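Student: Quick one: this structure, given as structure tokens, is what I'll be asking you about.
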Amino acid sequence: MKEFIRVMKALCDPNRVKILKMLNRRELCVCEIQAGLGLAQPTVSKHLKILEDAGLVEKRKDGLWVNYRPADGQSSPYAAMLLGSLKHWLNDDPEIQAVLRKVPELDRGMVCARQTRGIE
């Protein structure tokens, strides 16, 4: 039961649901997710850690970047079922639509350059 509760708790936050919906579009780094949601970097990192601990996201190192994507579901049947369903859920929600419209424009090079210069 602990595994089920961990997955459900991870999905009870609207920002974590938005992150998963974004990651269904493509792999993203923390700074891209941060720019898409308008949240602070520590907040995004905390959300990603909760999602990772629940078996909902995976990370992969690519040079200096850490890319996040939806997990393959092998670590948890609950995560697998909810990840599969979440692809089809909430697509008509205005908040989800607004976030997903930003995903194609998120470019880590430009986002990180703006953050470094303090333009954000």
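Residues are named by chain letter and number: chains run A, B, ... in the order of the structure tokens, numbers start at 1 in each chain, and ligands are numbered from 1 in the order shown.
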Identify all residues of chain A in alpha helix (DSSP H) (DSSP on the backbone) and supply them as a PDB file with N, CA and C atoms, in the first residue's frame.
Tutor:
ATOM      1  N   LYS A   2       2.055   1.234   0.602  1.00  0.00           N
ATOM      2  CA  LYS A   2       2.912   2.418   0.672  1.00  0.00           C
ATOM      3  C   LYS A   2       3.251   2.953  -0.714  1.00  0.00           C
ATOM      4  N   GLU A   3       3.519   2.044  -1.637  1.00  0.00           N
ATOM      5  CA  GLU A   3       3.865   2.449  -3.005  1.00  0.00           C
ATOM      6  C   GLU A   3       2.689   3.175  -3.668  1.00  0.00           C
ATOM      7  N   PHE A   4       1.492   2.667  -3.481  1.00  0.00           N
ATOM      8  CA  PHE A   4       0.286   3.295  -4.038  1.00  0.00           C
ATOM      9  C   PHE A   4       0.102   4.695  -3.458  1.00  0.00           C
ATOM     10  N   ILE A   5       0.244   4.835  -2.157  1.00  0.00           N
ATOM     11  CA  ILE A   5       0.076   6.130  -1.491  1.00  0.00           C
ATOM     12  C   ILE A   5       1.138   7.120  -1.974  1.00  0.00           C
ATOM     13  N   ARG A   6       2.366   6.661  -2.155  1.00  0.00           N
ATOM     14  CA  ARG A   6       3.440   7.540  -2.626  1.00  0.00           C
ATOM     15  C   ARG A   6       3.101   8.106  -4.009  1.00  0.00           C
ATOM     16  N   VAL A   7       2.594   7.273  -4.901  1.00  0.00           N
ATOM     17  CA  VAL A   7       2.218   7.729  -6.250  1.00  0.00           C
ATOM     18  C   VAL A   7       1.053   8.710  -6.170  1.00  0.00           C
ATOM     19  N   MET A   8       0.065   8.387  -5.378  1.00  0.00           N
ATOM     20  CA  MET A   8      -1.105   9.268  -5.270  1.00  0.00           C
ATOM     21  C   MET A   8      -0.726  10.614  -4.653  1.00  0.00           C
ATOM     22  N   LYS A   9       0.121  10.602  -3.636  1.00  0.00           N
ATOM     23  CA  LYS A   9       0.560  11.868  -3.024  1.00  0.00           C
ATOM     24  C   LYS A   9       1.352  12.703  -4.014  1.00  0.00           C
ATOM     25  N   ALA A  10       2.158  12.044  -4.835  1.00  0.00           N
ATOM     26  CA  ALA A  10       2.947  12.779  -5.830  1.00  0.00           C
ATOM     27  C   ALA A  10       2.045  13.481  -6.831  1.00  0.00           C
ATOM     28  N   PRO A  14      -0.949  20.270  -8.189  1.00  0.00           N
ATOM     29  CA  PRO A  14      -1.185  20.703  -9.574  1.00  0.00           C
ATOM     30  C   PRO A  14       0.101  20.950 -10.371  1.00  0.00           C
ATOM     31  N   ASN A  15       1.134  21.461  -9.725  1.00  0.00           N
ATOM     32  CA  ASN A  15       2.382  21.706 -10.453  1.00  0.00           C
ATOM     33  C   ASN A  15       3.055  20.408 -10.868  1.00  0.00           C
ATOM     34  N   ARG A  16       2.945  19.381 -10.056  1.00  0.00           N
ATOM     35  CA  ARG A  16       3.540  18.094 -10.432  1.00  0.00           C
ATOM     36  C   ARG A  16       2.767  17.469 -11.593  1.00  0.00           C
ATOM     37  N   VAL A  17       1.470  17.648 -11.616  1.00  0.00           N
ATOM     38  CA  VAL A  17       0.676  17.162 -12.751  1.00  0.00           C
ATOM     39  C   VAL A  17       1.084  17.920 -14.019  1.00  0.00           C
ATOM     40  N   LYS A  18       1.269  19.233 -13.897  1.00  0.00           N
ATOM     41  CA  LYS A  18       1.697  20.033 -15.049  1.00  0.00           C
ATOM     42  C   LYS A  18       3.070  19.579 -15.546  1.00  0.00           C
ATOM     43  N   ILE A  19       3.972  19.283 -14.621  1.00  0.00           N
ATOM     44  CA  ILE A  19       5.296  18.800 -15.014  1.00  0.00           C
ATOM     45  C   ILE A  19       5.175  17.510 -15.815  1.00  0.00           C
ATOM     46  N   LEU A  20       4.366  16.586 -15.344  1.00  0.00           N
ATOM     47  CA  LEU A  20       4.193  15.326 -16.072  1.00  0.00           C
ATOM     48  C   LEU A  20       3.591  15.557 -17.449  1.00  0.00           C
ATOM     49  N   LYS A  21       2.626  16.453 -17.541  1.00  0.00           N
ATOM     50  CA  LYS A  21       2.027  16.758 -18.841  1.00  0.00           C
ATOM     51  C   LYS A  21       3.070  17.367 -19.778  1.00  0.00           C
ATOM     52  N   MET A  22       3.939  18.236 -19.249  1.00  0.00           N
ATOM     53  CA  MET A  22       5.010  18.822 -20.053  1.00  0.00           C
ATOM     54  C   MET A  22       5.980  17.738 -20.532  1.00  0.00           C
ATOM     55  N   LEU A  23       6.338  16.841 -19.629  1.00  0.00           N
ATOM     56  CA  LEU A  23       7.293  15.795 -19.974  1.00  0.00           C
ATOM     57  C   LEU A  23       6.708  14.790 -20.960  1.00  0.00           C
ATOM     58  N   ASN A  24       5.395  14.716 -21.034  1.00  0.00           N
ATOM     59  CA  ASN A  24       4.786  13.860 -22.057  1.00  0.00           C
ATOM     60  C   ASN A  24       5.045  14.413 -23.455  1.00  0.00           C
ATOM     61  N   ARG A  25       5.334  15.700 -23.546  1.00  0.00           N
ATOM     62  CA  ARG A  25       5.640  16.325 -24.836  1.00  0.00           C
ATOM     63  C   ARG A  25       7.082  16.068 -25.254  1.00  0.00           C
ATOM     64  N   VAL A  30      15.585  21.070 -15.724  1.00  0.00           N
ATOM     65  CA  VAL A  30      14.968  21.842 -14.645  1.00  0.00           C
ATOM     66  C   VAL A  30      14.705  23.282 -15.076  1.00  0.00           C
ATOM     67  N   CYS A  31      15.673  23.901 -15.752  1.00  0.00           N
ATOM     68  CA  CYS A  31      15.499  25.315 -16.112  1.00  0.00           C
ATOM     69  C   CYS A  31      14.362  25.502 -17.120  1.00  0.00           C
ATOM     70  N   GLU A  32      14.150  24.525 -18.005  1.00  0.00           N
ATOM     71  CA  GLU A  32      13.037  24.616 -18.955  1.00  0.00           C
ATOM     72  C   GLU A  32      11.693  24.468 -18.235  1.00  0.00           C
ATOM     73  N   ILE A  33      11.632  23.545 -17.295  1.00  0.00           N
ATOM     74  CA  ILE A  33      10.403  23.367 -16.517  1.00  0.00           C
ATOM     75  C   ILE A  33      10.138  24.612 -15.690  1.00  0.00           C
ATOM     76  N   GLN A  34      11.185  25.147 -15.101  1.00  0.00           N
ATOM     77  CA  GLN A  34      11.087  26.371 -14.301  1.00  0.00           C
ATOM     78  C   GLN A  34      10.513  27.507 -15.145  1.00  0.00           C
ATOM     79  N   ALA A  35      11.023  27.685 -16.354  1.00  0.00           N
ATOM     80  CA  ALA A  35      10.544  28.749 -17.233  1.00  0.00           C
ATOM     81  C   ALA A  35       9.098  28.502 -17.660  1.00  0.00           C
ATOM     82  N   GLY A  36       8.753  27.268 -17.916  1.00  0.00           N
ATOM     83  CA  GLY A  36       7.400  26.942 -18.344  1.00  0.00           C
ATOM     84  C   GLY A  36       6.352  27.154 -17.270  1.00  0.00           C
ATOM     85  N   LEU A  37       6.736  26.923 -16.025  1.00  0.00           N
ATOM     86  CA  LEU A  37       5.784  27.043 -14.919  1.00  0.00           C
ATOM     87  C   LEU A  37       5.900  28.358 -14.157  1.00  0.00           C
ATOM     88  N   GLN A  41      13.737  27.577  -9.082  1.00  0.00           N
ATOM     89  CA  GLN A  41      14.483  26.346  -9.343  1.00  0.00           C
ATOM     90  C   GLN A  41      14.413  25.350  -8.184  1.00  0.00           C
ATOM     91  N   PRO A  42      14.582  25.780  -6.925  1.00  0.00           N
ATOM     92  CA  PRO A  42      14.477  24.805  -5.834  1.00  0.00           C
ATOM     93  C   PRO A  42      13.094  24.147  -5.748  1.00  0.00           C
ATOM     94  N   THR A  43      12.062  24.904  -6.075  1.00  0.00           N
ATOM     95  CA  THR A  43      10.698  24.356  -6.053  1.00  0.00           C
ATOM     96  C   THR A  43      10.544  23.284  -7.125  1.00  0.00           C
ATOM     97  N   VAL A  44      11.027  23.566  -8.327  1.00  0.00           N
ATOM     98  CA  VAL A  44      10.942  22.586  -9.416  1.00  0.00           C
ATOM     99  C   VAL A  44      11.741  21.343  -9.060  1.00  0.00           C
ATOM    100  N   SER A  45      12.939  21.522  -8.523  1.00  0.00           N
ATOM    101  CA  SER A  45      13.769  20.373  -8.134  1.00  0.00           C
ATOM    102  C   SER A  45      13.077  19.515  -7.079  1.00  0.00           C
ATOM    103  N   LYS A  46      12.421  20.159  -6.128  1.00  0.00           N
ATOM    104  CA  LYS A  46      11.694  19.424  -5.089  1.00  0.00           C
ATOM    105  C   LYS A  46      10.550  18.610  -5.708  1.00  0.00           C
ATOM    106  N   HIS A  47       9.799  19.230  -6.608  1.00  0.00           N
ATOM    107  CA  HIS A  47       8.708  18.517  -7.285  1.00  0.00           C
ATOM    108  C   HIS A  47       9.250  17.320  -8.072  1.00  0.00           C
ATOM    109  N   LEU A  48      10.349  17.516  -8.785  1.00  0.00           N
ATOM    110  CA  LEU A  48      10.921  16.428  -9.575  1.00  0.00           C
ATOM    111  C   LEU A  48      11.400  15.287  -8.689  1.00  0.00           C
ATOM    112  N   LYS A  49      11.956  15.606  -7.541  1.00  0.00           N
ATOM    113  CA  LYS A  49      12.411  14.564  -6.606  1.00  0.00           C
ATOM    114  C   LYS A  49      11.224  13.736  -6.103  1.00  0.00           C
ATOM    115  N   ILE A  50      10.129  14.384  -5.799  1.00  0.00           N
ATOM    116  CA  ILE A  50       8.927  13.670  -5.346  1.00  0.00           C
ATOM    117  C   ILE A  50       8.403  12.771  -6.457  1.00  0.00           C
ATOM    118  N   LEU A  51       8.371  13.288  -7.679  1.00  0.00           N
ATOM    119  CA  LEU A  51       7.909  12.491  -8.825  1.00  0.00           C
ATOM    120  C   LEU A  51       8.847  11.315  -9.091  1.00  0.00           C
ATOM    121  N   GLU A  52      10.140  11.556  -8.943  1.00  0.00           N
ATOM    122  CA  GLU A  52      11.114  10.485  -9.149  1.00  0.00           C
ATOM    123  C   GLU A  52      10.975   9.405  -8.075  1.00  0.00           C
ATOM    124  N   ASP A  53      10.828   9.815  -6.827  1.00  0.00           N
ATOM    125  CA  ASP A  53      10.678   8.855  -5.728  1.00  0.00           C
ATOM    126  C   ASP A  53       9.419   8.002  -5.881  1.00  0.00           C
ATOM    127  N   PRO A  77       3.627  -0.590 -10.723  1.00  0.00           N
ATOM    128  CA  PRO A  77       2.437  -0.761 -11.555  1.00  0.00           C
ATOM    129  C   PRO A  77       1.459   0.407 -11.397  1.00  0.00           C
ATOM    130  N   TYR A  78       1.452   1.039 -10.233  1.00  0.00           N
ATOM    131  CA  TYR A  78       0.566   2.179  -9.993  1.00  0.00           C
ATOM    132  C   TYR A  78       1.022   3.379 -10.820  1.00  0.00           C
ATOM    133  N   ALA A  79       2.330   3.610 -10.827  1.00  0.00           N
ATOM    134  CA  ALA A  79       2.875   4.702 -11.636  1.00  0.00           C
ATOM    135  C   ALA A  79       2.614   4.440 -13.109  1.00  0.00           C
ATOM    136  N   ALA A  80       2.818   3.216 -13.555  1.00  0.00           N
ATOM    137  CA  ALA A  80       2.605   2.873 -14.962  1.00  0.00           C
ATOM    138  C   ALA A  80       1.167   3.138 -15.379  1.00  0.00           C
ATOM    139  N   MET A  81       0.220   2.707 -14.560  1.00  0.00           N
ATOM    140  CA  MET A  81      -1.188   2.886 -14.897  1.00  0.00           C
ATOM    141  C   MET A  81      -1.566   4.360 -14.951  1.00  0.00           C
ATOM    142  N   LEU A  82      -1.110   5.124 -13.967  1.00  0.00           N
ATOM    143  CA  LEU A  82      -1.465   6.538 -13.921  1.00  0.00           C
ATOM    144  C   LEU A  82      -0.759   7.341 -15.000  1.00  0.00           C
ATOM    145  N   LEU A  83       0.483   6.995 -15.322  1.00  0.00           N
ATOM    146  CA  LEU A  83       1.181   7.690 -16.407  1.00  0.00           C
ATOM    147  C   LEU A  83       0.473   7.455 -17.738  1.00  0.00           C
ATOM    148  N   GLY A  84       0.036   6.219 -17.960  1.00  0.00           N
ATOM    149  CA  GLY A  84      -0.692   5.914 -19.193  1.00  0.00           C
ATOM    150  C   GLY A  84      -1.998   6.671 -19.280  1.00  0.00           C
ATOM    151  N   SER A  85      -2.706   6.751 -18.191  1.00  0.00           N
ATOM    152  CA  SER A  85      -3.996   7.459 -18.173  1.00  0.00           C
ATOM    153  C   SER A  85      -3.815   8.965 -18.252  1.00  0.00           C
ATOM    154  N   LEU A  86      -2.792   9.479 -17.592  1.00  0.00           N
ATOM    155  CA  LEU A  86      -2.582  10.925 -17.545  1.00  0.00           C
ATOM    156  C   LEU A  86      -2.340  11.513 -18.934  1.00  0.00           C
ATOM    157  N   PRO A  94      -7.795  24.482 -19.026  1.00  0.00           N
ATOM    158  CA  PRO A  94      -7.129  25.712 -19.476  1.00  0.00           C
ATOM    159  C   PRO A  94      -5.707  25.889 -18.922  1.00  0.00           C
ATOM    160  N   GLU A  95      -5.480  25.523 -17.675  1.00  0.00           N
ATOM    161  CA  GLU A  95      -4.135  25.660 -17.102  1.00  0.00           C
ATOM    162  C   GLU A  95      -3.148  24.722 -17.796  1.00  0.00           C
ATOM    163  N   ILE A  96      -3.578  23.503 -18.054  1.00  0.00           N
ATOM    164  CA  ILE A  96      -2.726  22.532 -18.745  1.00  0.00           C
ATOM    165  C   ILE A  96      -2.450  23.009 -20.168  1.00  0.00           C
ATOM    166  N   GLN A  97      -3.476  23.471 -20.851  1.00  0.00           N
ATOM    167  CA  GLN A  97      -3.303  23.964 -22.216  1.00  0.00           C
ATOM    168  C   GLN A  97      -2.310  25.121 -22.264  1.00  0.00           C
ATOM    169  N   ALA A  98      -2.402  26.038 -21.309  1.00  0.00           N
ATOM    170  CA  ALA A  98      -1.501  27.191 -21.279  1.00  0.00           C
ATOM    171  C   ALA A  98      -0.050  26.749 -21.103  1.00  0.00           C
ATOM    172  N   VAL A  99       0.176  25.792 -20.224  1.00  0.00           N
ATOM    173  CA  VAL A  99       1.533  25.304 -19.988  1.00  0.00           C
ATOM    174  C   VAL A  99       2.050  24.558 -21.213  1.00  0.00           C
ATOM    175  N   LEU A 100       1.205  23.736 -21.807  1.00  0.00           N
ATOM    176  CA  LEU A 100       1.647  22.941 -22.951  1.00  0.00           C
ATOM    177  C   LEU A 100       1.947  23.806 -24.173  1.00  0.00           C
ATOM    178  N   ARG A 101       1.291  24.954 -24.297  1.00  0.00           N
ATOM    179  CA  ARG A 101       1.597  25.869 -25.402  1.00  0.00           C
ATOM    180  C   ARG A 101       3.019  26.419 -25.298  1.00  0.00           C
ATOM    181  N   LYS A 102       3.547  26.477 -24.090  1.00  0.00           N
ATOM    182  CA  LYS A 102       4.896  27.008 -23.872  1.00  0.00           C
ATOM    183  C   LYS A 102       5.995  25.994 -24.204  1.00  0.00           C
ATOM    184  N   ARG A 108      16.637  25.437 -23.612  1.00  0.00           N
ATOM    185  CA  ARG A 108      17.504  25.533 -22.429  1.00  0.00           C
ATOM    186  C   ARG A 108      18.619  26.546 -22.596  1.00  0.00           C
ATOM    187  N   GLY A 109      19.178  26.670 -23.779  1.00  0.00           N
ATOM    188  CA  GLY A 109      20.245  27.639 -23.988  1.00  0.00           C
ATOM    189  C   GLY A 109      19.775  29.057 -23.735  1.00  0.00           C
ATOM    190  N   MET A 110      18.617  29.385 -24.281  1.00  0.00           N
ATOM    191  CA  MET A 110      18.081  30.738 -24.101  1.00  0.00           C
ATOM    192  C   MET A 110      17.583  30.946 -22.680  1.00  0.00           C
ATOM    193  N   VAL A 111      16.919  29.956 -22.118  1.00  0.00           N
ATOM    194  CA  VAL A 111      16.390  30.073 -20.754  1.00  0.00           C
ATOM    195  C   VAL A 111      17.527  30.270 -19.761  1.00  0.00           C
ATOM    196  N   CYS A 112      18.550  29.444 -19.868  1.00  0.00           N
ATOM    197  CA  CYS A 112      19.672  29.537 -18.924  1.00  0.00           C
ATOM    198  C   CYS A 112      20.446  30.835 -19.118  1.00  0.00           C
ATOM    199  N   ALA A 113      20.573  31.301 -20.351  1.00  0.00           N
ATOM    200  CA  ALA A 113      21.258  32.579 -20.597  1.00  0.00           C
ATOM    201  C   ALA A 113      20.498  33.726 -19.945  1.00  0.00           C
ATOM    202  N   ARG A 114      19.167  33.715 -20.056  1.00  0.00           N
ATOM    203  CA  ARG A 114      18.349  34.757 -19.416  1.00  0.00           C
ATOM    204  C   ARG A 114      18.487  34.699 -17.911  1.00  0.00           C
ATOM    205  N   GLN A 115      18.468  33.487 -17.354  1.00  0.00           N
ATOM    206  CA  GLN A 115      18.582  33.351 -15.898  1.00  0.00           C
ATOM    207  C   GLN A 115      19.947  33.811 -15.412  1.00  0.00           C
ATOM    208  N   THR A 116      20.985  33.536 -16.174  1.00  0.00           N
ATOM    209  CA  THR A 116      22.339  33.943 -15.798  1.00  0.00           C
ATOM    210  C   THR A 116      22.453  35.459 -15.793  1.00  0.00           C
ATOM    211  N   ARG A 117      21.810  36.101 -16.763  1.00  0.00           N
ATOM    212  CA  ARG A 117      21.871  37.561 -16.841  1.00  0.00           C
ATOM    213  C   ARG A 117      20.851  38.214 -15.918  1.00  0.00           C
TER     214      ARG A 117
END
Student: Run DSSP on the backbone and tell me which residues of segment 5-109 of chain A come out as strand (DSSP E or B); list them as a ChimeraX atom specification.
Tutor: /A:28,57-62,65-70
Student: In Å, with one decimal, what is the gap from atom CA of Pro70 of chain A to atom CA of Cys12 of chain A?
Tutor: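 Computing the Euclidean distance for atom CA of Pro70 of chain A and atom CA of Cys12 of chain A yields 16.7 Å.
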Student: Please compute the atom CA of Tyr68 of chain A-atom CA of Leu39 of chain A distance, one decimal, in Å.
Tutor: 16.5 Å
Student: For atom CA of Lys61 of chain A and atom CA of Ser75 of chain A, quote the distance in Å rounded to one decimal.
Tutor: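 We find that atom CA of Lys61 of chain A and atom CA of Ser75 of chain A lie 19.5 Å from each other.
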Student: Using only C-alpha atoms, can you tell me which of A:Val66, A:Cys29, A:Leu11, A:Met1 comes closest to Ala54 of chain A?
Tutor: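 Closest candidate: A:Leu11.
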